[in-house]
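Student: Here's a structure for you.
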Amino acid sequence: MENTLVRSAAPLEESDRSTLLDSLRGFALIGVCLANLFTGFSLWGDPEAPSPASLPTAATDPAAAFLIRALVDGKFYSLFSLLFGIGFAVQLHRSQARGDTRLQTYRRRLWVLLGIGVAHLLLIWSGDILAFYALTGLLLVRLRGISDKALLRWAAALLLLPVPLWAIFWLAGGWNAPVPLTIGLPFYAIGQALITPLGIKTFYQGMANSDWGLFLRSLQAGFFFRFGNLLFQWRVCKVLSMFLLGLWIGRHQIFNNLEAHLPLLRRVAIWGLALGLPVNLLNAYLNAGSAYDNGETLGLAHALLYALGVGPLALAYAALFALAWQKRSGRVLRQLAPLGRMALTCYLTQSVIATFLFTGVGLAWLGRVGPTLLWPLGFAIIAGQLLACRWWLRRFQFGPVEWLWRSLTYRQWQPLRRLNPPLTAPALG
């Protein structure tokens, strides 16, 4: 009986995986890498960094930064959030098929992911998103039974909810109000209490120091600053909104039957580009001067433009990817599947690489590499990871962190090495 239960609660077999979703996840990983290099590691333009005008790429850096803000930042983590929701729909279907109506295995999967995210936060990089995904995923579990119409209404409402919340914040006086209206404030206070004894006053100083002990202690403070920032940005609304849209897509099996949904995909691509592209271009233009922190009007404009632009453009990217999948270009897009199959491992190793390149415990490039060079650097990291993933998956069934995640989720060590290695890279056909 026990062996039967173990088999019924096993991970997806390789033959059951969707190559399209794996490839789309690999595509999303490219944008996440570039966005994290720009917003989390390079610290280009930080007040304590070398003047951007002193860099050899000063002439092209503003344009390169504009393109990252307009086309990349926010859109690819939203795409990842969408894929998280689709993956939940797959897991929900399998759980119901084996009678696990309480989703105990999936909940355990989220708790393990939370542990991995916390370790990432405390040991490598304070910009982790995994722990936040795990906690928000527990909210998604609670909403799994609502109707399709309710899913779409909830998604739209959550996407727009930060706008009135920001309006209340600014109308009440913003940070200068007697009692600042942000649920992130207690986390900020704890982070500040932890970082003050270290003699570090800014995030730049924490990243720049070359003492491992001091670096790790600053990451402990960064843990609380990170969650304070996520709550202050009302990121839970944005992430949960995309989770719900992904759940709706997964319910309707859109990515398993593209032919039947081509009209819908075309409409999403057209409307997503028509709305998302100009709104994100405007948002990037206004953000070029870092004006959002300096006034109520632009602060509210950022919230509105973000709500109207980021989600639609992320959906357009997904729809365009699916439409291209039907064409000859789909053969090229399939090459991204190994990245998607090892997305968790690649995400974490990107942090390790960037920490070594940019922080004081490594090469200390922070503030010295402009956005112009971040584009080729990001693609070089991805290219190296793609080659490594193809090599690994010829020999092993899962990525190393995926293997650990699955083993802890199912409370049994999963077989890792392939008994009969494929002649070609897996998940490409």
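In the structure tokens, the first chain shown is A, the next is B, and so on; residue numbers restart at 1 for each chain, and ligands run from 1 in the order shown.
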Leaving out Val310 (chain A) and any residue of its chain fewer than 6 positions from it, which residues lie within 7 Å of it when counting only C-alpha atoms, given as JSON, numbers by chain?
Tutor: {"A": [74, 75, 276, 280]}
Student: With a cut-off of 8 Å, could you pull out the residues of region 123-193 of chain A touching region 215-238 of chain A and give me the nearest pair of atoms for each, distance in Å to one decimal, using only C-alpha atoms, ordered by chain and ascending number, as a tab-separated table?
Tutor:
```
residue	atom	partner	partner_atom	distance
A:Leu123	CA	A:Leu216	CA	6.4
A:Ile124	CA	A:Leu219	CA	7.7
A:Trp125	CA	A:Leu219	CA	7.0
A:Ser126	CA	A:Gly222	CA	5.3
A:Gly127	CA	A:Arg226	CA	6.5
A:Thr136	CA	A:Val236	CA	6.7
A:Leu158	CA	A:Cys237	CA	4.9
A:Leu159	CA	A:Lys238	CA	5.4
A:Leu161	CA	A:Cys237	CA	7.1
A:Pro162	CA	A:Trp234	CA	6.1
A:Thr182	CA	A:Phe232	CA	5.7
A:Ile183	CA	A:Leu231	CA	6.2
A:Gly184	CA	A:Gly228	CA	3.9
A:Leu185	CA	A:Gly228	CA	6.4
A:Pro186	CA	A:Gly228	CA	7.4
A:Phe187	CA	A:Gly228	CA	4.8
A:Tyr188	CA	A:Phe225	CA	5.3
A:Ile190	CA	A:Phe224	CA	6.5
A:Gly191	CA	A:Ala221	CA	4.4
A:Gln192	CA	A:Ala221	CA	7.0
```
Student: Report the closest atom pair, with its distance in Å rounded to one decimal, for each residue of region 82-133 of chain A that has an atom no farther than 12 Å from region 16-39 of chain A; count only C-alpha atoms, sort by chain and then rising residue number, and write it as JSON lines.
Tutor:
```
{"residue": "A:Leu82", "atom": "CA", "partner": "A:Arg25", "partner_atom": "CA", "distance": 9.9}
{"residue": "A:Leu83", "atom": "CA", "partner": "A:Arg25", "partner_atom": "CA", "distance": 7.1}
{"residue": "A:Phe84", "atom": "CA", "partner": "A:Arg25", "partner_atom": "CA", "distance": 9.5}
{"residue": "A:Gly85", "atom": "CA", "partner": "A:Leu21", "partner_atom": "CA", "distance": 11.8}
{"residue": "A:Ile86", "atom": "CA", "partner": "A:Leu21", "partner_atom": "CA", "distance": 8.9}
{"residue": "A:Gly87", "atom": "CA", "partner": "A:Leu21", "partner_atom": "CA", "distance": 9.0}
{"residue": "A:Val90", "atom": "CA", "partner": "A:Arg17", "partner_atom": "CA", "distance": 10.1}
{"residue": "A:Gln91", "atom": "CA", "partner": "A:Arg17", "partner_atom": "CA", "distance": 11.8}
{"residue": "A:Arg94", "atom": "CA", "partner": "A:Asp16", "partner_atom": "CA", "distance": 11.5}
{"residue": "A:Trp125", "atom": "CA", "partner": "A:Asn36", "partner_atom": "CA", "distance": 10.5}
{"residue": "A:Ser126", "atom": "CA", "partner": "A:Asn36", "partner_atom": "CA", "distance": 11.3}
{"residue": "A:Gly127", "atom": "CA", "partner": "A:Asn36", "partner_atom": "CA", "distance": 8.2}
{"residue": "A:Asp128", "atom": "CA", "partner": "A:Asn36", "partner_atom": "CA", "distance": 9.8}
{"residue": "A:Ile129", "atom": "CA", "partner": "A:Val32", "partner_atom": "CA", "distance": 10.8}
```
Student: Produce a file of the selected residues containing N, CA and C atoms, as a PDB file, in the first residue's frame.
Tutor:
```
ATOM      1  N   LEU A  82       2.946  33.809 -14.244  1.00  0.00           N
ATOM      2  CA  LEU A  82       1.926  33.171 -15.076  1.00  0.00           C
ATOM      3  C   LEU A  82       2.196  31.678 -15.201  1.00  0.00           C
ATOM      4  N   LEU A  83       3.451  31.317 -15.435  1.00  0.00           N
ATOM      5  CA  LEU A  83       3.818  29.910 -15.565  1.00  0.00           C
ATOM      6  C   LEU A  83       3.646  29.164 -14.245  1.00  0.00           C
ATOM      7  N   PHE A  84       3.859  29.852 -13.132  1.00  0.00           N
ATOM      8  CA  PHE A  84       3.623  29.247 -11.825  1.00  0.00           C
ATOM      9  C   PHE A  84       2.151  28.850 -11.698  1.00  0.00           C
ATOM     10  N   GLY A  85       1.266  29.734 -12.121  1.00  0.00           N
ATOM     11  CA  GLY A  85      -0.164  29.425 -12.068  1.00  0.00           C
ATOM     12  C   GLY A  85      -0.547  28.274 -12.981  1.00  0.00           C
ATOM     13  N   ILE A  86       0.052  28.234 -14.172  1.00  0.00           N
ATOM     14  CA  ILE A  86      -0.217  27.122 -15.091  1.00  0.00           C
ATOM     15  C   ILE A  86       0.272  25.815 -14.481  1.00  0.00           C
ATOM     16  N   GLY A  87       1.461  25.854 -13.889  1.00  0.00           N
ATOM     17  CA  GLY A  87       1.990  24.661 -13.233  1.00  0.00           C
ATOM     18  C   GLY A  87       1.109  24.203 -12.089  1.00  0.00           C
ATOM     19  N   VAL A  90      -1.733  22.173 -13.412  1.00  0.00           N
ATOM     20  CA  VAL A  90      -1.307  20.804 -13.733  1.00  0.00           C
ATOM     21  C   VAL A  90      -1.246  19.963 -12.459  1.00  0.00           C
ATOM     22  N   GLN A  91      -0.625  20.525 -11.418  1.00  0.00           N
ATOM     23  CA  GLN A  91      -0.523  19.812 -10.151  1.00  0.00           C
ATOM     24  C   GLN A  91      -1.895  19.570  -9.537  1.00  0.00           C
ATOM     25  N   ARG A  94      -3.566  16.604 -11.245  1.00  0.00           N
ATOM     26  CA  ARG A  94      -2.974  15.327 -10.846  1.00  0.00           C
ATOM     27  C   ARG A  94      -3.361  14.971  -9.410  1.00  0.00           C
ATOM     28  N   TRP A 125      21.698  36.178  -1.881  1.00  0.00           N
ATOM     29  CA  TRP A 125      21.198  37.450  -2.437  1.00  0.00           C
ATOM     30  C   TRP A 125      19.885  37.820  -1.786  1.00  0.00           C
ATOM     31  N   SER A 126      19.774  39.068  -1.378  1.00  0.00           N
ATOM     32  CA  SER A 126      18.565  39.526  -0.698  1.00  0.00           C
ATOM     33  C   SER A 126      17.423  39.843  -1.655  1.00  0.00           C
ATOM     34  N   GLY A 127      17.626  39.652  -2.950  1.00  0.00           N
ATOM     35  CA  GLY A 127      16.565  39.924  -3.923  1.00  0.00           C
ATOM     36  C   GLY A 127      15.748  38.701  -4.296  1.00  0.00           C
ATOM     37  N   ASP A 128      15.845  37.640  -3.517  1.00  0.00           N
ATOM     38  CA  ASP A 128      15.126  36.388  -3.821  1.00  0.00           C
ATOM     39  C   ASP A 128      13.632  36.614  -4.008  1.00  0.00           C
ATOM     40  N   ILE A 129      13.029  35.829  -4.914  1.00  0.00           N
ATOM     41  CA  ILE A 129      11.583  35.866  -5.119  1.00  0.00           C
ATOM     42  C   ILE A 129      10.938  34.532  -4.770  1.00  0.00           C
TER      43      ILE A 129
END
```
Student: Compare A:Val332, A:Leu171, A:Leu313, A:Ala380 by their minimum atom-to-atom distance to Ile270 (chain A), counting only C-alpha atoms, and give me the closest one.
Tutor: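 Ranked by minimum distance to Ile270 (chain A), first place goes to A:Leu313.
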Student: Give me, as a list in words, all polymer residues having an atom no more than 8 Å from Gln397 (chain A), counting only C-alpha atoms and skipping those fewer than 5 positions away in the same chain.
Tutor: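 Once the adjacent positions are removed, what remains is Glu14, Pro415, Leu416, Arg417 and Arg418 of chain A.
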Student: At a cut-off of 8 Å, using only C-alpha atoms, what residues contact Arg266 (chain A)? Leave out same-chain residues fewer than 2 positions from it and give the result as a list of chain:residue names.
Tutor: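 Neighbouring residues, sequence-local ones excluded: A:Leu262, A:Pro263, A:Leu264, A:Val268, A:Ala269, A:Ile270, A:Ala319, A:Leu320, A:Leu323.
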Student: Create the file for the chosen residues now, containing C-alpha atoms and written as a CSV table (one decimal), in the first residue's frame.
Tutor:
```csv
chain,number,residue,atom,x,y,z
A,262,LEU,CA,-5.1,30.6,-32.1
A,263,PRO,CA,-7.7,33.4,-32.4
A,264,LEU,CA,-7.5,34.0,-28.6
A,268,VAL,CA,-4.0,38.7,-26.5
A,269,ALA,CA,-0.8,39.4,-28.5
A,270,ILE,CA,-2.4,42.4,-30.3
A,319,ALA,CA,1.0,34.7,-26.7
A,320,LEU,CA,3.7,35.7,-29.2
A,323,LEU,CA,2.2,31.8,-31.9
```
Student: As an mmCIF file with N, CA and C atoms, in the first residue's frame, please: the residues near Ala288 (chain A) (cut-off 10 Å, only C-alpha atoms, same-chain neighbours under 6 positions excluded).
Tutor:
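File produced: result23.cif:
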```
data_model
loop_
_atom_site.group_PDB
_atom_site.id
_atom_site.type_symbol
_atom_site.label_atom_id
_atom_site.label_comp_id
_atom_site.auth_asym_id
_atom_site.auth_seq_id
_atom_site.Cartn_x
_atom_site.Cartn_y
_atom_site.Cartn_z
ATOM 1 N N PRO A 62 22.262 55.219 -21.080
ATOM 2 C CA PRO A 62 20.869 55.631 -20.871
ATOM 3 C C PRO A 62 19.890 54.911 -21.797
ATOM 4 N N ALA A 63 20.260 54.725 -23.059
ATOM 5 C CA ALA A 63 19.383 54.015 -23.992
ATOM 6 C C ALA A 63 19.243 52.549 -23.607
ATOM 7 N N ALA A 65 19.571 51.285 -20.603
ATOM 8 C CA ALA A 65 18.751 51.225 -19.388
ATOM 9 C C ALA A 65 17.284 51.439 -19.717
ATOM 10 N N PHE A 66 17.012 52.353 -20.642
ATOM 11 C CA PHE A 66 15.628 52.601 -21.060
ATOM 12 C C PHE A 66 14.988 51.338 -21.622
ATOM 13 N N ARG A 69 14.203 48.871 -18.802
ATOM 14 C CA ARG A 69 13.030 49.294 -18.037
ATOM 15 C C ARG A 69 11.744 49.090 -18.832
ATOM 16 N N LEU A 282 6.305 54.832 -21.859
ATOM 17 C CA LEU A 282 6.082 56.048 -21.071
ATOM 18 C C LEU A 282 6.609 55.880 -19.649
#
```
Student: Set the distance at 12 Å and use only C-alpha atoms: which residues neighbour Asn209 (chain A) once local chain neighbours fewer than 6 positions away are removed? I'd like the list as a PyMOL selection string.
Tutor: chain A and resi 198-203+215-219+355+358-366
Student: Got time to write the residues from that selection, C-alpha atoms, as a compact mmCIF listing (two decimals), in the first residue's frame?
Tutor:
```txt
# COMPACT_ATOMS: atom_id res chain seq x y z
CA LEU A 198 27.30 46.80 11.34
CA GLY A 199 28.22 50.36 10.41
CA ILE A 200 26.50 49.93 7.04
CA LYS A 201 24.08 52.72 6.17
CA THR A 202 23.16 51.87 2.59
CA PHE A 203 22.54 48.83 0.42
CA PHE A 215 28.37 40.37 4.03
CA LEU A 216 26.33 37.49 5.49
CA ARG A 217 25.16 39.63 8.41
CA SER A 218 24.05 42.33 5.99
CA LEU A 219 22.05 39.66 4.12
CA THR A 355 27.24 37.87 -6.47
CA PHE A 358 29.45 42.43 -8.60
CA THR A 359 29.84 42.32 -4.81
CA GLY A 360 32.84 43.05 -2.66
CA VAL A 361 33.33 39.40 -1.77
CA GLY A 362 34.02 38.80 -5.46
CA LEU A 363 35.21 41.05 -8.29
CA ALA A 364 33.37 44.17 -7.00
CA TRP A 365 32.01 45.31 -10.35
CA LEU A 366 29.01 47.07 -8.80
```
